[in-house]
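Down below is the structure, laid out as structure tokens.
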Amino acid sequence: MLLFWKKGYEATSIPDLLQVMGISRSSLYDTFSDKQALYLAALEHYKKVSFNKQVILERASNVRAGLRQYFEHHIATAYDTSLPGGCFVTNAATTLESPDEKLNELIKTSFLNLEQAFYELLEKGRQSGELDKNTDVKALSYLLLHLHQSINVMAKVDPDQQRAKDMIKIVIEGI
């Protein structure tokens with residue numbers, strides 16, 4: 001998983017995988033059939049073992065506190081130098097030249113699930129009166145999804161996480 005996350009699908013060779021995994025070529029093909037199946041398994045594993053930040057949104061007592069806590073954790077993770085950088089799913093979405101249908105579906109589902117978690121928190125805030133009743137929570141949840149993804153990308157090229165924190169602060173204050 002870490003090798004694919006660091007190098008991407010295209011730049012990771014079968015010999016690289018065999019060396020990191022410490023297995024033979026026949027074991028790799030017996031277990032995963034091909035490199036693409038292994039890549040999909042690595043992405044699925046990533047989704048299972050990475051902290052589910054959406055729980056922060058689901059358990060939030062109010063919109064602003066939930067968003068603040070979510071993005072604080074997200075920024076810390078995205079800029080964690082012990083990890084390959086960004087998000088493995090975002091990296092897959094932005095670097096794979098010809099993703100197959102299964103990969104497209106995995107990425108799309110991941111993004112839609114996060115957008116839905118933002119939507120549910122915002123809608124709860126609109127219903128409780130924390131947000132104006134005319135707030136377009138659908139558009140706002142899509143904006144938050146995009147901010148999430150942009151943090152993942154920018155973490156790979158701009159080491160100053162304070163800029164991301166400042167951006168999120170402004171957005172949350174404006175909600």
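For the structure tokens, the naming scheme is as follows: chains receive sequential letters (A, B, ...) according to their order of presentation, residues are indexed from 1 within each chain, and ligands are indexed from 1 in presentation order.
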Check your understanding: DSSP on the backbone: what in segment 57-104 of chain A comes out helix (DSSP H, G or I), as a ChimeraX atom specification?
Key -> /A:57-59,63-78,88-95,101-104
At a cut-off of 10 Å, can you tabulate as CSV every residue of segment 31-55 of chain A near segment 92-104 of chain A together with its closest atom pair and the distance in Å to one decimal, using only C-alpha atoms and ordering rows by chain then number?
residue,atom,partner,partner_atom,distance
A:Gln36,CA,A:Asp100,CA,8.9
A:Ala37,CA,A:Leu103,CA,9.6
A:Tyr39,CA,A:Leu103,CA,9.0
A:Leu40,CA,A:Leu103,CA,6.6
A:Leu43,CA,A:Ala92,CA,8.6
A:Glu44,CA,A:Leu103,CA,10.0
Revision key, fill the gap. Correct to one decimal, the distance atom CA of Pro15 of chain A-atom CA of Lys35 of chain A is 10.9 Å
Practice item. Please measure the separation of atom CA of Gln69 of chain A and atom CA of Tyr142 of chain A, giving the value in Å to one decimal. Key: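 Computing the Euclidean distance for atom CA of Gln69 of chain A and atom CA of Tyr142 of chain A yields 18.3 Å.
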